[in-house]
Amino acid sequence: MDTSLARPSHAAPAWHESFSNSLIAGLGKTPKEIACKYFYDEAGSHLFERICQLPEYYQTRTETSLLFRHADEIARLIGDDVEIVEFGAGSLRKVRILLDAVANIRAYTPLDISGDYLTNVVQVLAANYPALFLRPLIADFTGPLELAPLPGNPRRIGFFPGSTIGNFKPAAAVALLGRMRASLEGGGLLIGVDLAKDPARLHAAYNDSTGVTARFNKNLLVRANRELGADFDLDAFAHYAPYNPVEHRIEMYLVSLKRQRVTLCGKHFDFVADEPVHTEDSHKYTIESFREMAVRAGFNPRAVWTDEERLFSVHWLETR
Ligand SMILES: C[S@@+](CC[C@H](N)C(=O)[O-])C[C@H]1O[C@@H](n2cnc3c(N)ncnc32)[C@H](O)[C@@H]1O
């Protein structure tokens with residue numbers, strides 16, 4: 001195996017600088033916030049994988065079983081001789097279902113912000129699929145999505161599982177889907193979307209009994225301490241993740257447990273007791289509301305698959 005093919009290239013400038021700029025800007029706001037994409041350094045990606053295995057986190061196993069169950073139909077819709085571009089590729093586990101079902105995949109382009117983690121999982125995938133042409137990309141999909149065309153211009157299929165689209169407010173989600181659509185012209189997007197449901201079930205999924213989600217949330221502070229020399233006291237912040245039934249979303253916060261001052265990059269940030277720092281939203285949709293959103297982004301929604309309990313949905317959206 002020529003592992004040089006599987007070494008990710010950077011479409012990113014200095015992450016260190018952008019994490020610090022973003023953190024300083026976010027902690028200067030009222031209410032304070034930290035962008036959720038910074039959860040994902042190598043430790044954050046590993047913690048997310050542990051979340052995926054939690055009994056309360058129904059999303060991963062439901063989406064995976066939908067992909068398995070409908071793999072033949074999905075493969076027929078995707079067609080053959082395609083490039084698959086996975087946005088926010090994570091562990092690269094789910095794409096294996098497509099790699100096994102779709103005929104003649106010309107290339108697989110996994111794109112993720114979590115560079116070290118992507119480098120490791122790509123090596124494993126390359127060993128398991130030695131004939132697959134891989135072009136991994138360390139990139140932020142909220143930035144430009146200009147992907148170099150491959151020789152012969154195979155149709156491009158986007159794959160965006162994990163309901164990562166839910167991390168964007170609806171208007172930003174439409175804008176992101178619109179940019180993805182532009183990069184997939186002539187192809188389509190296979191996307192996983194978590195569905196609105198009993199708030200207690202949602203609450204449990206983001207407040208697991210073993211505290212892995214709390215560790216994932218606090219990894220933002222661990223990362224700021226390690227990478228930026230910040231002095232966050234991890235015990236002085238609490239994970240808090242309520243469901244907002246008006247906005248149909250889980251909202252994740254780190255709440256300051258006392259009045260405190262944090263210093264990073266030579267700047268001071270004061271927290272009052274009980275002050276929240278917003279770290280993530282996870283919007284939940286109905287099948288219909290998501291399809292309407294896809295139409296607003298310029299897609300033509302075609303097939304949709306859901307489970308018996310209507311917990312999760314997988315949508316096939318065409319660009320024409
Ligand atoms: C919710 S996880 C989903 C992972 C995987 N797709 C799955 O379905 O299990 C989100 C993934 O997107 C990546 N990610 C988050 N924000 C990103 C961004 N702005 N640009 C690129 N990747 C991002 C994270 O590193 C992580 O791998």
# chains A, B, ... in the order shown; residues from 1 in each chain; ligands from 1
$ residues_near_ligand --ligand "ligand 1" --cutoff "9 Å" --atoms "only C-alpha atoms and all ligand atoms" --output "PyMOL selection string"
chain A and resi 36-42+44-45+48-49+52+59-60+63-64+86-95+111-115+117-118+138-143+159-167+192
$ residues_around --residues "Ala131 of chain A" --least-positions-apart "2" --cutoff "10 Å" --atoms "only C-alpha atoms" --output "PDB file with C-alpha atoms, in the first residue's frame"
ATOM      1  CA  MET A   1       0.000   0.000   0.000  1.00  0.00           C
ATOM      2  CA  ILE A 105     -16.098   4.355  -6.678  1.00  0.00           C
ATOM      3  CA  ARG A 106     -13.490   6.512  -8.387  1.00  0.00           C
ATOM      4  CA  ALA A 107     -12.390   8.333  -5.245  1.00  0.00           C
ATOM      5  CA  ALA A 126      -6.513   2.598   3.319  1.00  0.00           C
ATOM      6  CA  ALA A 127      -5.275  -0.715   4.728  1.00  0.00           C
ATOM      7  CA  ASN A 128      -8.791  -2.200   4.539  1.00  0.00           C
ATOM      8  CA  TYR A 129      -9.558  -0.834   1.042  1.00  0.00           C
ATOM      9  CA  PHE A 133      -8.269   6.160  -4.304  1.00  0.00           C
ATOM     10  CA  LEU A 134      -8.340   8.338  -1.185  1.00  0.00           C
TER      11      LEU A 134
END
$ residues_around --residues "segment 216-219 of chain A" --least-positions-apart "4" --cutoff "10 Å" --atoms "only C-alpha atoms" --output "ChimeraX atom specification"
/A:36,38-41,43-48,50-51,211-212,223-225,232,234-235,237-241,252-254,279-280
$ residues_around --residues "Gly79 of chain A" --least-positions-apart "3" --cutoff "8 Å" --atoms "only C-alpha atoms" --output "PyMOL selection string"
chain A and resi 75-76+82+102-103
$ select_by_dssp --residues "segment 42-233 of chain A" --states "strand (DSSP E)" --output "PDB file with N, CA and C atoms, in the first residue's frame"
ATOM      1  N   VAL A  82     -18.457   7.171  -9.337  1.00  0.00           N
ATOM      2  CA  VAL A  82     -18.655   8.438  -8.620  1.00  0.00           C
ATOM      3  C   VAL A  82     -17.480   8.720  -7.682  1.00  0.00           C
ATOM      4  N   GLU A  83     -17.367   9.999  -7.310  1.00  0.00           N
ATOM      5  CA  GLU A  83     -16.502  10.395  -6.194  1.00  0.00           C
ATOM      6  C   GLU A  83     -17.414  10.628  -4.991  1.00  0.00           C
ATOM      7  N   ILE A  84     -17.056  10.064  -3.839  1.00  0.00           N
ATOM      8  CA  ILE A  84     -17.817  10.337  -2.618  1.00  0.00           C
ATOM      9  C   ILE A  84     -17.034  11.319  -1.769  1.00  0.00           C
ATOM     10  N   VAL A  85     -17.674  12.432  -1.433  1.00  0.00           N
ATOM     11  CA  VAL A  85     -17.064  13.446  -0.568  1.00  0.00           C
ATOM     12  C   VAL A  85     -17.818  13.417   0.754  1.00  0.00           C
ATOM     13  N   GLU A  86     -17.109  13.082   1.839  1.00  0.00           N
ATOM     14  CA  GLU A  86     -17.793  13.036   3.134  1.00  0.00           C
ATOM     15  C   GLU A  86     -17.434  14.275   3.942  1.00  0.00           C
ATOM     16  N   PHE A  87     -18.451  15.019   4.328  1.00  0.00           N
ATOM     17  CA  PHE A  87     -18.266  16.253   5.098  1.00  0.00           C
ATOM     18  C   PHE A  87     -18.313  15.922   6.586  1.00  0.00           C
ATOM     19  N   ILE A 105     -16.333   3.038  -7.287  1.00  0.00           N
ATOM     20  CA  ILE A 105     -16.098   4.355  -6.678  1.00  0.00           C
ATOM     21  C   ILE A 105     -14.731   4.852  -7.147  1.00  0.00           C
ATOM     22  N   ARG A 106     -14.740   6.004  -7.805  1.00  0.00           N
ATOM     23  CA  ARG A 106     -13.490   6.512  -8.387  1.00  0.00           C
ATOM     24  C   ARG A 106     -12.581   7.119  -7.329  1.00  0.00           C
ATOM     25  N   ALA A 107     -13.199   7.723  -6.308  1.00  0.00           N
ATOM     26  CA  ALA A 107     -12.390   8.333  -5.245  1.00  0.00           C
ATOM     27  C   ALA A 107     -13.266   8.565  -4.028  1.00  0.00           C
ATOM     28  N   TYR A 108     -12.615   8.565  -2.887  1.00  0.00           N
ATOM     29  CA  TYR A 108     -13.311   8.911  -1.645  1.00  0.00           C
ATOM     30  C   TYR A 108     -12.536  10.060  -1.010  1.00  0.00           C
ATOM     31  N   THR A 109     -13.242  11.175  -0.774  1.00  0.00           N
ATOM     32  CA  THR A 109     -12.630  12.382  -0.216  1.00  0.00           C
ATOM     33  C   THR A 109     -13.234  12.652   1.159  1.00  0.00           C
ATOM     34  N   PRO A 110     -12.606  12.138   2.223  1.00  0.00           N
ATOM     35  CA  PRO A 110     -13.118  12.461   3.562  1.00  0.00           C
ATOM     36  C   PRO A 110     -12.547  13.797   4.016  1.00  0.00           C
ATOM     37  N   LEU A 111     -13.444  14.662   4.453  1.00  0.00           N
ATOM     38  CA  LEU A 111     -13.024  16.022   4.843  1.00  0.00           C
ATOM     39  C   LEU A 111     -13.378  16.215   6.318  1.00  0.00           C
ATOM     40  N   ASP A 112     -12.424  16.645   7.109  1.00  0.00           N
ATOM     41  CA  ASP A 112     -12.702  16.860   8.534  1.00  0.00           C
ATOM     42  C   ASP A 112     -11.756  17.918   9.092  1.00  0.00           C
ATOM     43  N   LEU A 137      -8.848  15.337   3.276  1.00  0.00           N
ATOM     44  CA  LEU A 137      -8.649  16.779   3.332  1.00  0.00           C
ATOM     45  C   LEU A 137      -8.933  17.294   4.737  1.00  0.00           C
ATOM     46  N   ILE A 138      -7.938  17.939   5.333  1.00  0.00           N
ATOM     47  CA  ILE A 138      -8.159  18.597   6.627  1.00  0.00           C
ATOM     48  C   ILE A 138      -8.689  19.989   6.301  1.00  0.00           C
ATOM     49  N   ARG A 155     -19.162  11.990 -11.357  1.00  0.00           N
ATOM     50  CA  ARG A 155     -20.216  12.671 -10.587  1.00  0.00           C
ATOM     51  C   ARG A 155     -19.810  12.689  -9.127  1.00  0.00           C
ATOM     52  N   ARG A 156     -20.132  13.769  -8.465  1.00  0.00           N
ATOM     53  CA  ARG A 156     -19.725  13.909  -7.070  1.00  0.00           C
ATOM     54  C   ARG A 156     -20.934  13.714  -6.166  1.00  0.00           C
ATOM     55  N   ILE A 157     -20.766  12.823  -5.190  1.00  0.00           N
ATOM     56  CA  ILE A 157     -21.831  12.525  -4.235  1.00  0.00           C
ATOM     57  C   ILE A 157     -21.361  12.971  -2.856  1.00  0.00           C
ATOM     58  N   GLY A 158     -22.136  13.824  -2.226  1.00  0.00           N
ATOM     59  CA  GLY A 158     -21.813  14.230  -0.855  1.00  0.00           C
ATOM     60  C   GLY A 158     -22.414  13.239   0.133  1.00  0.00           C
ATOM     61  N   PHE A 159     -21.702  13.032   1.231  1.00  0.00           N
ATOM     62  CA  PHE A 159     -22.197  12.170   2.313  1.00  0.00           C
ATOM     63  C   PHE A 159     -22.019  12.979   3.589  1.00  0.00           C
ATOM     64  N   PHE A 160     -23.130  13.211   4.306  1.00  0.00           N
ATOM     65  CA  PHE A 160     -23.073  14.098   5.481  1.00  0.00           C
ATOM     66  C   PHE A 160     -23.906  13.456   6.601  1.00  0.00           C
ATOM     67  N   GLY A 188     -25.470  14.395  -5.983  1.00  0.00           N
ATOM     68  CA  GLY A 188     -26.475  14.433  -4.912  1.00  0.00           C
ATOM     69  C   GLY A 188     -25.817  14.395  -3.550  1.00  0.00           C
ATOM     70  N   LEU A 189     -26.674  14.481  -2.530  1.00  0.00           N
ATOM     71  CA  LEU A 189     -26.196  14.487  -1.142  1.00  0.00           C
ATOM     72  C   LEU A 189     -27.010  13.477  -0.342  1.00  0.00           C
ATOM     73  N   LEU A 190     -26.297  12.565   0.323  1.00  0.00           N
ATOM     74  CA  LEU A 190     -26.928  11.616   1.242  1.00  0.00           C
ATOM     75  C   LEU A 190     -26.660  12.150   2.644  1.00  0.00           C
ATOM     76  N   ILE A 191     -27.731  12.495   3.354  1.00  0.00           N
ATOM     77  CA  ILE A 191     -27.546  13.223   4.616  1.00  0.00           C
ATOM     78  C   ILE A 191     -28.412  12.623   5.729  1.00  0.00           C
ATOM     79  N   GLY A 192     -27.809  12.497   6.899  1.00  0.00           N
ATOM     80  CA  GLY A 192     -28.524  11.981   8.072  1.00  0.00           C
ATOM     81  C   GLY A 192     -29.028  13.129   8.924  1.00  0.00           C
ATOM     82  N   VAL A 193     -30.298  13.038   9.333  1.00  0.00           N
ATOM     83  CA  VAL A 193     -30.934  14.134  10.082  1.00  0.00           C
ATOM     84  C   VAL A 193     -31.702  13.561  11.265  1.00  0.00           C
ATOM     85  N   ASP A 194     -31.373  14.041  12.447  1.00  0.00           N
ATOM     86  CA  ASP A 194     -32.069  13.587  13.653  1.00  0.00           C
ATOM     87  C   ASP A 194     -33.461  14.216  13.706  1.00  0.00           C
TER      88      ASP A 194
END
$ select_by_dssp --residues "segment 41-245 of chain A" --states "helix (DSSP H, G or I)" --output "PyMOL selection string"
chain A and resi 42-52+58-69+71-78+95-101+115-128+164-167+170-183+199-206+212-228+234-236
$ closest_residue --among "A:Ala25, A:Val277, A:Ile287, A:Ala236" --to "Gln260 of chain A" --atoms "only C-alpha atoms"
A:Ala236
$ closest_residue --among "A:Val124, A:Ala175, A:Ala35, A:Ile250" --to "Ala294 of chain A" --atoms "only C-alpha atoms"
A:Ala175
$ atom_distance --atom1 "atom CA of Asp198 of chain A" --atom2 "atom CA of Arg249 of chain A"
11.9 Å
